[in-house]
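Structure file work23.cif with mmCIF, C-alpha atoms:
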data_run
loop_
_atom_site.label_atom_id
_atom_site.label_comp_id
_atom_site.auth_asym_id
_atom_site.auth_seq_id
_atom_site.Cartn_x
_atom_site.Cartn_y
_atom_site.Cartn_z
CA MET A 1 -305.43 57.20 -67.86
CA THR A 2 -301.99 58.20 -69.12
CA ALA A 3 -299.42 59.86 -66.89
CA ALA A 4 -298.22 63.30 -67.99
CA ASN A 5 -296.05 64.86 -65.29
CA PRO A 6 -298.16 64.66 -62.10
CA VAL A 7 -301.25 65.42 -64.21
CA THR A 8 -303.24 62.53 -65.66
CA LEU A 9 -304.82 62.63 -69.07
CA PRO A 10 -307.36 63.37 -70.33
CA LEU A 11 -307.62 66.72 -68.60
CA ALA A 12 -311.40 66.25 -68.56
CA GLY A 13 -310.88 63.55 -65.93
CA TYR A 14 -308.16 65.23 -63.90
CA GLN A 15 -309.04 66.37 -60.38
CA ALA A 16 -306.96 69.49 -59.73
CA ARG A 17 -305.96 70.15 -56.13
CA HIS A 18 -304.83 73.78 -56.09
CA VAL A 19 -306.83 75.36 -58.93
CA ARG A 20 -310.06 74.38 -60.63
CA ILE A 21 -310.17 72.91 -64.12
CA ALA A 22 -313.33 72.14 -66.07
CA VAL A 23 -313.46 70.81 -69.62
CA GLU A 24 -316.56 71.40 -71.70
CA GLY A 25 -316.36 70.15 -75.25
CA LYS A 26 -312.99 71.20 -76.62
CA VAL A 27 -312.42 74.05 -74.14
CA ALA A 28 -310.70 73.77 -70.75
CA THR A 29 -311.29 76.52 -68.19
CA ILE A 30 -308.72 76.95 -65.41
CA THR A 31 -310.02 78.98 -62.46
CA LEU A 32 -307.82 80.45 -59.75
CA ASP A 33 -310.07 79.66 -56.84
CA ARG A 34 -309.25 81.38 -53.56
CA PRO A 35 -311.83 84.16 -53.75
CA ASP A 36 -311.59 85.08 -50.06
CA LYS A 37 -308.05 86.36 -50.71
CA LYS A 38 -308.55 87.51 -54.32
CA ASN A 39 -307.07 84.29 -55.67
CA PRO A 40 -303.40 84.52 -54.68
CA LEU A 41 -300.91 81.93 -55.86
CA THR A 42 -299.10 79.46 -53.64
CA PHE A 43 -296.03 77.31 -54.28
CA GLU A 44 -298.42 74.44 -55.00
CA SER A 45 -300.71 76.33 -57.39
CA TYR A 46 -297.71 77.64 -59.34
CA ALA A 47 -296.52 74.06 -59.80
CA GLU A 48 -299.94 72.72 -60.74
CA ILE A 49 -300.45 75.42 -63.37
CA VAL A 50 -297.10 74.48 -64.91
CA ASP A 51 -298.05 70.80 -64.92
CA LEU A 52 -301.46 71.47 -66.48
CA PHE A 53 -300.07 73.47 -69.40
CA ARG A 54 -297.25 70.99 -69.97
CA ALA A 55 -299.76 68.15 -70.04
CA ALA A 56 -301.97 70.13 -72.43
CA ALA A 57 -299.62 69.43 -75.32
CA LYS A 58 -300.49 65.73 -74.99
CA ASP A 59 -304.27 66.14 -74.66
CA LYS A 60 -305.76 65.91 -78.14
CA GLY A 61 -309.27 66.61 -76.86
CA VAL A 62 -308.59 70.13 -75.55
CA LYS A 63 -308.24 72.70 -78.32
CA ALA A 64 -308.33 75.98 -76.35
CA PHE A 65 -307.96 77.25 -72.77
CA VAL A 66 -309.63 79.97 -70.73
CA VAL A 67 -307.94 81.24 -67.55
CA THR A 68 -309.97 83.20 -65.02
CA GLY A 69 -310.40 83.91 -61.32
CA ALA A 70 -313.25 83.26 -58.91
CA GLY A 71 -315.32 85.80 -57.00
CA GLY A 72 -314.91 88.90 -59.14
CA ASN A 73 -311.09 89.04 -59.15
CA PHE A 74 -308.46 87.48 -61.38
CA CYS A 75 -305.39 87.05 -59.16
CA SER A 76 -303.65 89.16 -56.51
CA GLY A 77 -300.21 87.62 -57.13
CA GLY A 78 -298.19 85.53 -54.70
CA ASP A 79 -299.80 84.91 -51.33
CA VAL A 80 -298.19 87.30 -48.81
CA PHE A 81 -297.96 84.77 -45.97
CA GLU A 82 -297.60 81.54 -47.96
CA ILE A 83 -295.00 82.82 -50.45
CA ILE A 84 -293.68 86.31 -49.71
CA GLU A 85 -292.90 85.71 -46.03
CA PRO A 86 -291.05 82.42 -46.67
CA LEU A 87 -289.03 84.09 -49.43
CA THR A 88 -287.63 86.63 -46.96
CA LYS A 89 -286.04 83.72 -45.05
CA MET A 90 -284.49 81.88 -48.00
CA GLY A 91 -280.92 81.91 -49.23
CA ALA A 92 -279.78 82.73 -52.75
CA THR A 93 -279.96 79.16 -54.06
CA GLU A 94 -283.50 78.62 -52.82
CA LEU A 95 -284.58 82.00 -54.17
CA LEU A 96 -283.21 81.18 -57.60
CA ASP A 97 -285.03 77.85 -57.51
CA PHE A 98 -288.24 79.76 -56.79
CA THR A 99 -287.83 82.42 -59.49
CA ARG A 100 -286.98 79.76 -62.05
CA MET A 101 -290.06 77.80 -61.00
CA THR A 102 -292.33 80.81 -61.44
CA GLY A 103 -290.81 81.45 -64.85
CA GLU A 104 -291.80 77.91 -65.82
CA VAL A 105 -295.45 79.05 -65.68
CA VAL A 106 -294.87 81.46 -68.56
CA LYS A 107 -292.71 78.96 -70.45
CA ALA A 108 -295.43 76.30 -70.15
CA MET A 109 -298.16 78.71 -71.26
CA ARG A 110 -296.16 79.87 -74.27
CA ALA A 111 -295.13 76.32 -75.23
CA CYS A 112 -298.56 74.71 -75.00
CA PRO A 113 -300.01 74.56 -78.53
CA GLN A 114 -303.54 75.62 -77.61
CA PRO A 115 -304.50 79.30 -77.58
CA ILE A 116 -305.08 80.68 -74.08
CA ILE A 117 -307.69 83.37 -73.41
CA ALA A 118 -307.66 85.23 -70.09
CA ALA A 119 -310.97 86.51 -68.68
CA ILE A 120 -310.00 89.28 -66.26
CA ASP A 121 -312.13 91.13 -63.73
CA GLY A 122 -311.12 92.98 -60.58
CA VAL A 123 -307.60 92.61 -59.20
CA CYS A 124 -304.96 91.36 -61.64
CA ALA A 125 -301.65 92.04 -59.92
CA GLY A 126 -298.08 90.80 -59.67
CA ALA A 127 -297.82 87.23 -60.88
CA GLY A 128 -301.52 87.43 -61.76
CA ALA A 129 -300.72 90.20 -64.23
CA ILE A 130 -297.94 87.98 -65.60
CA ILE A 131 -300.37 85.08 -66.18
CA ALA A 132 -302.66 87.48 -68.01
CA MET A 133 -299.69 88.80 -70.01
CA ALA A 134 -298.60 85.27 -70.96
CA SER A 135 -302.05 84.45 -72.35
CA ASP A 136 -302.63 84.83 -76.08
CA ILE A 137 -305.75 86.99 -75.81
CA ARG A 138 -307.05 89.03 -72.87
CA LEU A 139 -310.67 90.06 -72.29
CA GLY A 140 -311.15 92.46 -69.40
CA THR A 141 -313.72 94.62 -67.66
CA ALA A 142 -313.82 98.33 -66.88
CA LYS A 143 -313.47 97.34 -63.20
CA ALA A 144 -310.24 95.42 -63.77
CA LYS A 145 -307.11 96.69 -62.03
CA VAL A 146 -303.87 95.50 -63.66
CA ALA A 147 -300.60 96.15 -61.84
CA PHE A 148 -297.08 94.80 -62.21
CA LEU A 149 -296.34 95.40 -58.56
CA PHE A 150 -292.77 94.13 -58.27
CA ASN A 151 -291.29 97.62 -57.92
CA ARG A 152 -293.68 98.35 -55.03
CA VAL A 153 -292.18 95.52 -52.99
CA GLY A 154 -288.57 96.41 -53.68
CA LEU A 155 -288.05 94.09 -56.63
CA ALA A 156 -287.17 94.62 -60.28
CA GLY A 157 -289.85 94.71 -62.93
CA CYS A 158 -287.99 91.96 -64.80
CA ASP A 159 -290.06 89.09 -63.44
CA MET A 160 -291.21 85.95 -65.27
CA GLY A 161 -290.41 87.42 -68.68
CA ALA A 162 -292.16 90.77 -68.21
CA CYS A 163 -289.37 92.81 -69.80
CA ALA A 164 -289.48 90.60 -72.89
CA ILE A 165 -293.21 90.08 -73.36
CA LEU A 166 -294.97 93.20 -72.02
CA PRO A 167 -293.25 95.60 -74.49
CA ARG A 168 -294.40 93.36 -77.34
CA ILE A 169 -297.99 93.84 -76.24
CA ILE A 170 -298.14 97.52 -75.27
CA GLY A 171 -294.87 99.03 -76.49
CA GLN A 172 -291.55 99.76 -74.82
CA GLY A 173 -292.42 103.14 -73.29
CA ARG A 174 -295.68 102.05 -71.74
CA ALA A 175 -294.14 98.82 -70.45
CA ALA A 176 -291.24 100.76 -68.91
CA GLU A 177 -293.67 103.07 -67.11
CA LEU A 178 -295.66 100.19 -65.62
CA LEU A 179 -292.59 98.17 -64.63
CA TYR A 180 -290.71 101.14 -63.10
CA THR A 181 -293.67 102.47 -61.13
CA GLY A 182 -295.89 99.47 -60.42
CA ARG A 183 -298.88 101.74 -60.96
CA GLN A 184 -302.37 100.38 -61.45
CA LEU A 185 -303.81 100.19 -64.95
CA GLY A 186 -307.60 100.51 -65.03
CA GLY A 187 -309.66 98.43 -67.42
CA GLU A 188 -310.42 101.17 -69.94
CA GLU A 189 -306.80 102.31 -69.99
CA ALA A 190 -305.67 98.69 -70.35
CA GLU A 191 -307.82 98.43 -73.46
CA ARG A 192 -306.40 101.68 -74.85
CA PHE A 193 -302.88 100.40 -74.20
CA GLY A 194 -303.69 97.19 -76.08
CA PHE A 195 -303.22 94.98 -73.02
CA PHE A 196 -306.90 94.03 -73.18
CA ASN A 197 -308.18 93.01 -76.59
CA ARG A 198 -311.60 94.26 -75.57
CA LEU A 199 -313.83 94.95 -72.57
CA ALA A 200 -316.97 93.17 -71.43
CA ALA A 201 -319.36 93.54 -68.53
CA PRO A 202 -318.24 91.75 -65.34
CA ASP A 203 -321.06 89.22 -65.61
CA ALA A 204 -320.28 88.57 -69.29
CA VAL A 205 -316.48 88.50 -69.53
CA LEU A 206 -316.04 84.80 -68.76
CA GLY A 207 -318.85 83.83 -71.13
CA GLN A 208 -317.35 85.92 -73.91
CA ALA A 209 -313.93 84.39 -73.33
CA GLN A 210 -315.40 80.90 -73.44
CA LYS A 211 -317.37 81.74 -76.59
CA LEU A 212 -314.17 82.92 -78.28
CA ALA A 213 -312.39 79.78 -77.08
CA VAL A 214 -315.13 77.63 -78.61
CA GLU A 215 -314.72 79.52 -81.88
CA LEU A 216 -310.95 78.96 -81.89
CA ALA A 217 -311.38 75.32 -80.85
CA GLY A 218 -313.64 74.81 -83.85
CA GLY A 219 -311.06 76.21 -86.25
CA PRO A 220 -308.05 74.58 -87.92
CA THR A 221 -306.31 73.85 -84.64
CA PHE A 222 -303.11 72.43 -86.16
CA ALA A 223 -302.75 75.71 -88.04
CA ASN A 224 -303.65 77.71 -84.91
CA ALA A 225 -300.87 75.95 -83.01
CA MET A 226 -298.49 76.83 -85.84
CA THR A 227 -299.56 80.48 -85.63
CA LYS A 228 -298.88 80.49 -81.88
CA ARG A 229 -295.47 78.91 -82.41
CA MET A 230 -294.51 81.42 -85.10
CA LEU A 231 -295.70 84.38 -83.00
CA GLU A 232 -293.38 83.15 -80.25
CA MET A 233 -290.35 82.32 -82.41
CA GLU A 234 -290.26 85.22 -84.82
CA TRP A 235 -289.31 87.88 -82.28
CA ALA A 236 -285.84 86.34 -82.31
CA MET A 237 -285.62 86.28 -86.13
CA SER A 238 -284.73 88.77 -88.81
CA VAL A 239 -287.52 89.57 -91.27
CA GLU A 240 -285.81 87.39 -93.86
CA GLU A 241 -285.56 84.47 -91.41
CA ALA A 242 -289.21 84.96 -90.40
CA ILE A 243 -290.41 84.90 -94.01
CA GLU A 244 -288.52 81.65 -94.63
CA ALA A 245 -289.82 80.09 -91.38
CA GLU A 246 -293.37 81.04 -92.34
CA ALA A 247 -292.90 79.55 -95.80
CA VAL A 248 -291.97 76.22 -94.24
CA ALA A 249 -294.78 76.42 -91.66
CA GLN A 250 -297.43 77.31 -94.23
CA ALA A 251 -296.29 74.59 -96.64
CA LEU A 252 -296.69 72.10 -93.79
CA CYS A 253 -300.21 73.39 -93.08
CA MET A 254 -301.05 72.91 -96.76
CA THR A 255 -300.49 69.18 -96.31
CA THR A 256 -303.26 68.92 -93.68
CA ALA A 257 -306.70 67.48 -94.22
CA ASP A 258 -308.17 70.72 -92.84
CA PHE A 259 -306.74 72.64 -95.81
CA ALA A 260 -308.37 70.16 -98.19
CA ARG A 261 -311.62 70.37 -96.23
CA ALA A 262 -311.64 74.15 -96.56
CA PHE A 263 -311.21 73.95 -100.34
CA GLU A 264 -313.92 71.31 -100.66
CA ALA A 265 -316.32 73.34 -98.52
CA PHE A 266 -315.60 76.50 -100.51
CA SER A 267 -316.21 74.63 -103.75
CA ASN A 268 -319.57 73.46 -102.43
CA LYS A 269 -320.45 76.88 -100.95
CA ALA A 270 -320.48 75.34 -97.49
CA LYS A 271 -318.78 76.14 -94.19
CA PRO A 272 -315.76 73.94 -93.51
CA VAL A 273 -315.86 71.60 -90.54
CA PHE A 274 -312.29 71.49 -89.29
CA GLN A 275 -310.95 68.51 -87.36
CA GLY A 276 -307.47 69.70 -86.43
CA ASN A 277 -305.55 67.32 -88.69
#
In structure tokens, how does this file's structure come out?
Amino acid sequence: MTAANPVTLPLAGYQARHVRIAVEGKVATITLDRPDKKNPLTFESYAEIVDLFRAAAKDKGVKAFVVTGAGGNFCSGGDVFEIIEPLTKMGATELLDFTRMTGEVVKAMRACPQPIIAAIDGVCAGAGAIIAMASDIRLGTAKAKVAFLFNRVGLAGCDMGACAILPRIIGQGRAAELLYTGRQLGGEEAERFGFFNRLAAPDAVLGQAQKLAVELAGGPTFANAMTKRMLEMEWAMSVEEAIEAEAVAQALCMTTADFARAFEAFSNKAKPVFQGN
């Protein structure tokens, strides 16, 4: 096995300690697995999630990710006694170390080339809502309860990139309302807002997310990674800069074998079998 941060590759053989990871075919499913407490995060699980997504860039076998929670809930945020209580006793330097570390979760998720699909049921709050937000696609249930709770505990809504990313998903006004008030967003309202791409039944949401991940993993994954990169970069570009960047990106994709495979399949009235190169 090859070392990649503390995570060993391939991910299919890695034994996670603080979350669960299972690789089936080309899809890796990460499960937040503390169902007795609605899957809160700890210092250790934050760090392991960062390491997993950083390592993902070097795992050629995994083409898509699903993130979910065990026991009918997604994630209740930071553990009150394992994270929140210790934070109240830290000084400024330690607190900044912590907030930078949590931000690395979002950076790692956005930087990993594979698309990430969140399957969300039940509680999805605080840092859990941020992990959902940082995913590329979100499938939810009518029972889901999404809340950016930072305001409720005396903190700013500007946590882990929320003020940058959430308005891109649901719009500035709606994001401001959620971040100022910390109010709960029900599943159906989350779909109307555009936070959830679509709803599924609680017993079907994970399966639907994994089915979509399989579909994406079977596509032109080099091109999918380029799409993800451009979606991330172009918010900081003018339209003219974005058009030029896309011209370069698309020309590069046209050099891939997958592009040639698609043409050959079309010529033969067949479905292309992409290989990600």
I'd like the neighbourhood of Leu212 (chain A) as a list in words, where a residue qualifies if any of its atoms comes within 12 Å (using only C-alpha atoms), though same-chain residues fewer than 6 positions away should be ignored.
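The neighbour list is Lys26, Val27, Lys63, Ala64, Phe65, Val66, Pro115, Ile116, Ile117, Ala118, Ala119, Asp136, Ile137, Arg138, Leu139, Asn197, Arg198, Val205, Leu206, Gly218 and Gly219 of chain A.
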Spatial sel., origin (-303.2, 95.2, -72.3), limit 12 Å, only C-alpha atoms, listed as JSON, numbers by chain:
{"A": [118, 120, 124, 129, 130, 132, 133, 134, 135, 136, 137, 138, 139, 140, 141, 144, 145, 146, 147, 148, 165, 166, 167, 168, 169, 170, 171, 174, 175, 178, 185, 186, 187, 188, 189, 190, 191, 192, 193, 194, 195, 196, 197, 198, 199]}
Compute the distance from (-302.9, 93.1, -56.4) to each atom, counting all atoms listed in the file, keep the residues with any atom at most 12 Å away, and return them as a PyMOL selection string; use the coordinates of the file.
chain A and resi 37-41+73-80+121-130+144-150+152-153+182-185
C-alpha atoms of the current selection, written as a tab-separated table (two decimals), in the frame of the given file:
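File written: part.tsv
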chain	number	residue	atom	x	y	z
A	37	LYS	CA	-308.05	86.36	-50.71
A	38	LYS	CA	-308.55	87.51	-54.32
A	39	ASN	CA	-307.07	84.29	-55.67
A	40	PRO	CA	-303.40	84.52	-54.68
A	41	LEU	CA	-300.91	81.93	-55.86
A	73	ASN	CA	-311.09	89.04	-59.15
A	74	PHE	CA	-308.46	87.48	-61.38
A	75	CYS	CA	-305.39	87.05	-59.16
A	76	SER	CA	-303.65	89.16	-56.51
A	77	GLY	CA	-300.21	87.62	-57.13
A	78	GLY	CA	-298.19	85.53	-54.70
A	79	ASP	CA	-299.80	84.91	-51.33
A	80	VAL	CA	-298.19	87.30	-48.81
A	121	ASP	CA	-312.13	91.13	-63.73
A	122	GLY	CA	-311.12	92.98	-60.58
A	123	VAL	CA	-307.60	92.61	-59.20
A	124	CYS	CA	-304.96	91.36	-61.64
A	125	ALA	CA	-301.65	92.04	-59.92
A	126	GLY	CA	-298.08	90.80	-59.67
A	127	ALA	CA	-297.82	87.23	-60.88
A	128	GLY	CA	-301.52	87.43	-61.76
A	129	ALA	CA	-300.72	90.20	-64.23
A	130	ILE	CA	-297.94	87.98	-65.60
A	144	ALA	CA	-310.24	95.42	-63.77
A	145	LYS	CA	-307.11	96.69	-62.03
A	146	VAL	CA	-303.87	95.50	-63.66
A	147	ALA	CA	-300.60	96.15	-61.84
A	148	PHE	CA	-297.08	94.80	-62.21
A	149	LEU	CA	-296.34	95.40	-58.56
A	150	PHE	CA	-292.77	94.13	-58.27
A	152	ARG	CA	-293.68	98.35	-55.03
A	153	VAL	CA	-292.18	95.52	-52.99
A	182	GLY	CA	-295.89	99.47	-60.42
A	183	ARG	CA	-298.88	101.74	-60.96
A	184	GLN	CA	-302.37	100.38	-61.45
A	185	LEU	CA	-303.81	100.19	-64.95
Near-Ala111 (chain A) list (10 Å; only C-alpha atoms; drop same-chain fewer than 5 positions) as a PyMOL selection string:
chain A and resi 53-54+56-57+105-106+225+228-229+232
From the list A:Ile30, A:Met254, A:Ala70, A:Leu179, which residue is nearest Phe222 (chain A) when using all atoms listed in the file?
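Closest to Phe222 (chain A) of all the choices is A:Met254.
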Selected by the PyMOL selection byres ((chain A and resi 46) around 10) in the shown coordinates: which residues, as a PDB file with C-alpha atoms, in the coordinates of the input?
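So expr37.pdb came out as:
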ATOM      1  CA  HIS A  18    -304.830  73.780 -56.090  1.00  0.00           C
ATOM      2  CA  VAL A  19    -306.830  75.360 -58.930  1.00  0.00           C
ATOM      3  CA  LEU A  41    -300.910  81.930 -55.860  1.00  0.00           C
ATOM      4  CA  THR A  42    -299.100  79.460 -53.640  1.00  0.00           C
ATOM      5  CA  PHE A  43    -296.030  77.310 -54.280  1.00  0.00           C
ATOM      6  CA  GLU A  44    -298.420  74.440 -55.000  1.00  0.00           C
ATOM      7  CA  SER A  45    -300.710  76.330 -57.390  1.00  0.00           C
ATOM      8  CA  ALA A  47    -296.520  74.060 -59.800  1.00  0.00           C
ATOM      9  CA  GLU A  48    -299.940  72.720 -60.740  1.00  0.00           C
ATOM     10  CA  ILE A  49    -300.450  75.420 -63.370  1.00  0.00           C
ATOM     11  CA  VAL A  50    -297.100  74.480 -64.910  1.00  0.00           C
ATOM     12  CA  ASP A  51    -298.050  70.800 -64.920  1.00  0.00           C
ATOM     13  CA  GLY A  78    -298.190  85.530 -54.700  1.00  0.00           C
ATOM     14  CA  MET A 101    -290.060  77.800 -61.000  1.00  0.00           C
ATOM     15  CA  THR A 102    -292.330  80.810 -61.440  1.00  0.00           C
ATOM     16  CA  GLY A 103    -290.810  81.450 -64.850  1.00  0.00           C
ATOM     17  CA  GLU A 104    -291.800  77.910 -65.820  1.00  0.00           C
ATOM     18  CA  VAL A 105    -295.450  79.050 -65.680  1.00  0.00           C
ATOM     19  CA  ALA A 127    -297.820  87.230 -60.880  1.00  0.00           C
TER      20      ALA A 127
END
Spatial neighbours of Lys58 (chain A), 10 Å, all atoms listed in the file, chain gap at least 3 places, as a list in words
Thr2, Ala4, Leu9, Pro10, Leu11, Phe53, Arg54, Ala55, Gly61, Val62, Cys112 and Pro113 of chain A
